[in-house]
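Below is one structure, written out as structure tokens; comments come after it.
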Amino acid sequence: MAISALLDKPVIYIISDSIGETAELVARAAASQFEGGLVDVRRVPYVNDPEEIPDIVEEAAAFNSVIAYTLVLPQLREALVREAARLGVPAVDIITPMLDALEKATGRPPRLEPGLVRKMDEEYFRRVEAIEFAVKYDDGKDPRGILRADLVVLGVSRTSKTPLCMYLAHKRIKAANVPLVPEVAPPEEIFSLPPHKVVGLTIKPSQLNEIRRERLKTLGLTSNADYASMERILRELEYAQEIMRRVGCPVIDVTNKAVEETASKVLELYYRGERYVR
């Protein structure tokens, strides 16, 4: 290709008050319809001061350029439109027409906060990461997760440790759970954690007996197995209470509580502890 052709290659300036991904995607999609998309895309992100606009537009005016912009703040848009008109640079507003249409459809004004899509994406990925964490470190599978967790849940079998951890994961909290069984020593790591990062779950023996009997039935096993015997349950609960006492963590009675109710209490304890530590 001739050097003159390279010099004449159109330049698309992407100007955004966030990172500019949205405008760049639209610009590249449009450019792909022209000679294989032979354009030079230059992104100018995080523009948040109207005084930055003249220098950016003046630079664009030195080339065969088009400006594509996603600026949600009116003062930034007005400055850009004014400077682009003054210097004769075509400028395309990527987001305002959609904002106007949605405002009419919803009857509500836009928030006009830059970077909200990225914030939403970050929240989504943190939630996914927390869910994967809860699955990986469920039921004490790997003690290494204890020190990496935001919160560790202790309790005997069938006290809803796993559902609680999954619920917390949807709140972007990485929760691991450790089953407490008299025959198995708990991981030493739980004794080194700050108390606000650990929560214990307990339950009334009669309800645990009922839950375990039903569990055995669903597995096709006899309901009078030792796992569901009252003697066994009392011994497990006493053992778990001793471990929780050694850890020094708060203990929540989950008897007749929905997982949402338990989670609400856990979150209250967790965030209160975080504030205290800070």
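Residue numbering restarts at 1 for every chain of the structure tokens, chains are lettered A, B, ... in their displayed order, and ligands are numbered from 1 as they appear.
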
With a distance cut-off of 6 Å and only C-alpha atoms, select the neighbouring residues of region 164-178 of chain A, excluding the residue or stretch itself and same-chain residues fewer than 2 positions from it, and output the selection as a list in words.
-> Arg126, Arg127, Ala130, Ile131, Ala134, Tyr137, Asp138, Asp139, Gly140, Ala149, Asp150, Leu151, Val152, Val153, Leu154, Lys161, Thr162 and Val259 of chain A

So that I have them on file, write out the residues from the current selection with C-alpha atoms, as a short mmCIF file (atom, residue, chain, number, x, y, z; two decimals), in the first residue's frame.
data_model
loop_
_atom_site.label_atom_id
_atom_site.label_comp_id
_atom_site.auth_asym_id
_atom_site.auth_seq_id
_atom_site.Cartn_x
_atom_site.Cartn_y
_atom_site.Cartn_z
CA ARG A 126 -17.02 -10.88 41.54
CA ARG A 127 -20.27 -12.77 42.05
CA ALA A 130 -17.53 -16.07 44.79
CA ILE A 131 -19.85 -18.82 43.52
CA ALA A 134 -18.10 -21.66 47.40
CA TYR A 137 -14.27 -25.07 49.10
CA ASP A 138 -17.57 -26.67 50.02
CA ASP A 139 -17.74 -29.15 52.88
CA GLY A 140 -14.09 -28.73 53.88
CA ALA A 149 -12.23 -16.96 52.40
CA ASP A 150 -14.03 -13.79 53.36
CA LEU A 151 -16.10 -15.90 55.72
CA VAL A 152 -15.95 -19.46 57.05
CA VAL A 153 -19.11 -21.29 58.15
CA LEU A 154 -18.89 -24.06 60.77
CA LYS A 161 -23.96 -24.64 55.46
CA THR A 162 -23.80 -25.09 51.69
CA VAL A 259 -31.53 -19.54 54.51
#

Secondary structure check, strand (DSSP E or B) residues of region 61-199 of chain A, as number ranges by chain | A: 65-70, 91-93, 151-155, 175-179, 181, 184, 198-199

Could you save those same residues with N, CA and C atoms as an mmCIF file, in the first residue's frame?
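Listed below is the output, part13.cif:
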data_model
loop_
_atom_site.group_PDB
_atom_site.id
_atom_site.type_symbol
_atom_site.label_atom_id
_atom_site.label_comp_id
_atom_site.auth_asym_id
_atom_site.auth_seq_id
_atom_site.Cartn_x
_atom_site.Cartn_y
_atom_site.Cartn_z
ATOM 1 N N SER A 65 -10.329 12.658 10.172
ATOM 2 C CA SER A 65 -10.850 11.938 11.333
ATOM 3 C C SER A 65 -12.353 12.113 11.532
ATOM 4 N N VAL A 66 -12.868 11.183 12.319
ATOM 5 C CA VAL A 66 -14.242 11.213 12.802
ATOM 6 C C VAL A 66 -14.167 10.979 14.310
ATOM 7 N N ILE A 67 -14.996 11.669 15.056
ATOM 8 C CA ILE A 67 -15.051 11.461 16.497
ATOM 9 C C ILE A 67 -16.304 10.666 16.837
ATOM 10 N N ALA A 68 -16.129 9.598 17.591
ATOM 11 C CA ALA A 68 -17.267 8.850 18.152
ATOM 12 C C ALA A 68 -17.155 8.987 19.667
ATOM 13 N N TYR A 69 -18.246 9.382 20.292
ATOM 14 C CA TYR A 69 -18.118 9.654 21.723
ATOM 15 C C TYR A 69 -19.275 9.084 22.539
ATOM 16 N N THR A 70 -18.930 8.688 23.765
ATOM 17 C CA THR A 70 -19.912 8.287 24.776
ATOM 18 C C THR A 70 -19.632 9.116 26.016
ATOM 19 N N ALA A 91 -18.642 14.523 14.301
ATOM 20 C CA ALA A 91 -18.720 13.901 15.627
ATOM 21 C C ALA A 91 -20.032 13.138 15.753
ATOM 22 N N VAL A 92 -19.934 11.900 16.205
ATOM 23 C CA VAL A 92 -21.109 11.033 16.308
ATOM 24 C C VAL A 92 -21.347 10.678 17.771
ATOM 25 N N ASP A 93 -22.528 11.015 18.255
ATOM 26 C CA ASP A 93 -22.920 10.719 19.638
ATOM 27 C C ASP A 93 -23.483 9.294 19.679
ATOM 28 N N LEU A 151 -15.327 -15.414 54.586
ATOM 29 C CA LEU A 151 -16.099 -15.902 55.716
ATOM 30 C C LEU A 151 -16.061 -17.429 55.726
ATOM 31 N N VAL A 152 -15.948 -18.011 56.912
ATOM 32 C CA VAL A 152 -15.950 -19.464 57.054
ATOM 33 C C VAL A 152 -17.147 -19.863 57.922
ATOM 34 N N VAL A 153 -17.913 -20.831 57.447
ATOM 35 C CA VAL A 153 -19.107 -21.288 58.151
ATOM 36 C C VAL A 153 -18.831 -22.661 58.758
ATOM 37 N N LEU A 154 -19.095 -22.791 60.059
ATOM 38 C CA LEU A 154 -18.893 -24.057 60.771
ATOM 39 C C LEU A 154 -20.247 -24.630 61.168
ATOM 40 N N GLY A 155 -20.322 -25.951 61.221
ATOM 41 C CA GLY A 155 -21.553 -26.573 61.690
ATOM 42 C C GLY A 155 -21.562 -28.059 61.431
ATOM 43 N N ALA A 175 -17.315 -17.535 50.620
ATOM 44 C CA ALA A 175 -17.557 -18.277 51.853
ATOM 45 C C ALA A 175 -17.169 -19.740 51.674
ATOM 46 N N ALA A 176 -16.429 -20.257 52.645
ATOM 47 C CA ALA A 176 -16.093 -21.683 52.694
ATOM 48 C C ALA A 176 -16.813 -22.274 53.895
ATOM 49 N N ASN A 177 -17.116 -23.549 53.833
ATOM 50 C CA ASN A 177 -17.745 -24.159 55.007
ATOM 51 C C ASN A 177 -16.994 -25.411 55.441
ATOM 52 N N VAL A 178 -17.012 -25.631 56.747
ATOM 53 C CA VAL A 178 -16.277 -26.749 57.340
ATOM 54 C C VAL A 178 -17.250 -27.571 58.190
ATOM 55 N N PRO A 179 -17.434 -28.852 57.852
ATOM 56 C CA PRO A 179 -18.297 -29.705 58.678
ATOM 57 C C PRO A 179 -17.571 -30.104 59.961
ATOM 58 N N VAL A 181 -17.241 -32.814 62.774
ATOM 59 C CA VAL A 181 -17.546 -34.218 63.051
ATOM 60 C C VAL A 181 -16.632 -34.669 64.190
ATOM 61 N N VAL A 184 -13.319 -36.392 63.390
ATOM 62 C CA VAL A 184 -12.342 -35.732 62.524
ATOM 63 C C VAL A 184 -11.958 -34.383 63.133
ATOM 64 N N VAL A 198 -15.603 -15.846 61.006
ATOM 65 C CA VAL A 198 -16.113 -17.205 61.214
ATOM 66 C C VAL A 198 -17.493 -17.104 61.834
ATOM 67 N N VAL A 199 -18.389 -17.958 61.403
ATOM 68 C CA VAL A 199 -19.705 -18.033 62.028
ATOM 69 C C VAL A 199 -20.065 -19.496 62.213
#

Please provide as a ChimeraX atom specification all residues within 12 Å of Arg28 (chain A), with the sequence filter that same-chain residues fewer than 3 positions apart are discarded (counting only C-alpha atoms).
-> /A:11-14,21-25,31-34,36-43,68

Can you tell me how far CA of Val254 (chain A) sits from CA of Ser157 (chain A), in Å to one decimal?
->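 Separation between CA of Val254 (chain A) and CA of Ser157 (chain A): 12.6 Å.
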
Give the answer as one residue: which of A:Glu260, A:Glu189, A:Asp17, A:Glu236 has the shortest atom-to-atom distance to Val47 (chain A), using only C-alpha atoms?
->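 Closest to Val47 (chain A) of all the choices is A:Asp17.
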
Ala85 (chain A) surroundings by only C-alpha atoms, 12 Å radius, close-in-sequence under 2 positions cut, as a list in words |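 Final neighbour list, sorted by chain and number: Pro54, Val57, Glu58, Ala61, Val66, Ile67, Glu78, Ala79, Leu80, Val81, Arg82, Glu83, Leu87, Gly88, Val89, Pro90, Ala91 and Val92 of chain A.
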
Include N, CA and C atoms and write out the residues we just selected as a tab-separated table (two decimals), in the first residue's frame.
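Written output follows (again12.tsv):
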chain	number	residue	atom	x	y	z
A	54	PRO	N	-10.98	20.85	24.02
A	54	PRO	CA	-10.38	21.57	22.88
A	54	PRO	C	-9.10	20.93	22.36
A	57	VAL	N	-9.93	17.65	20.40
A	57	VAL	CA	-10.56	17.90	19.09
A	57	VAL	C	-9.56	18.53	18.13
A	58	GLU	N	-8.70	19.40	18.65
A	58	GLU	CA	-7.67	20.00	17.80
A	58	GLU	C	-6.73	18.95	17.25
A	61	ALA	N	-8.50	17.16	14.50
A	61	ALA	CA	-8.66	17.99	13.30
A	61	ALA	C	-7.44	17.94	12.40
A	66	VAL	N	-12.87	11.18	12.32
A	66	VAL	CA	-14.24	11.21	12.80
A	66	VAL	C	-14.17	10.98	14.31
A	67	ILE	N	-15.00	11.67	15.06
A	67	ILE	CA	-15.05	11.46	16.50
A	67	ILE	C	-16.30	10.67	16.84
A	78	GLU	N	-21.67	19.01	25.37
A	78	GLU	CA	-21.82	20.34	24.78
A	78	GLU	C	-20.47	20.91	24.36
A	79	ALA	N	-19.46	20.71	25.19
A	79	ALA	CA	-18.12	21.20	24.86
A	79	ALA	C	-17.58	20.51	23.62
A	80	LEU	N	-17.81	19.22	23.53
A	80	LEU	CA	-17.31	18.46	22.38
A	80	LEU	C	-18.02	18.87	21.09
A	81	VAL	N	-19.34	18.97	21.15
A	81	VAL	CA	-20.10	19.37	19.96
A	81	VAL	C	-19.67	20.76	19.48
A	82	ARG	N	-19.47	21.66	20.41
A	82	ARG	CA	-19.06	23.03	20.07
A	82	ARG	C	-17.69	23.04	19.40
A	83	GLU	N	-16.72	22.33	19.98
A	83	GLU	CA	-15.37	22.32	19.43
A	83	GLU	C	-15.30	21.59	18.10
A	87	LEU	N	-14.10	23.29	14.50
A	87	LEU	CA	-12.95	22.83	13.71
A	87	LEU	C	-13.36	21.94	12.54
A	88	GLY	N	-14.64	21.75	12.35
A	88	GLY	CA	-15.12	21.00	11.19
A	88	GLY	C	-14.84	19.51	11.25
A	89	VAL	N	-14.83	18.93	12.45
A	89	VAL	CA	-14.60	17.49	12.60
A	89	VAL	C	-15.95	16.80	12.83
A	90	PRO	N	-16.32	15.83	11.97
A	90	PRO	CA	-17.58	15.11	12.19
A	90	PRO	C	-17.56	14.39	13.54
A	91	ALA	N	-18.64	14.52	14.30
A	91	ALA	CA	-18.72	13.90	15.63
A	91	ALA	C	-20.03	13.14	15.75
A	92	VAL	N	-19.93	11.90	16.21
A	92	VAL	CA	-21.11	11.03	16.31
A	92	VAL	C	-21.35	10.68	17.77

Using only C-alpha atoms, which of the listed residues (A:Gln241, A:Ser160, A:Asn224, A:Gln207) sits closest to Thr262 (chain A)?
->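 That would be A:Ser160, the residue with the smallest distance to Thr262 (chain A).
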
Could you find all residues in region 20-199 of chain A that DSSP calls alpha helix (DSSP H) from the backbone, and write them as a PyMOL selection string?
-> chain A and resi 21-31+53-61+74-87+96-106+116-136+144-148+161-169

Name all residues at most 6 Å from Leu201 (chain A) (count only C-alpha atoms; drop same-chain ones fewer than 4 positions away) and give them as a VMD selection string.
-> chain A and resid 155 251 to 253
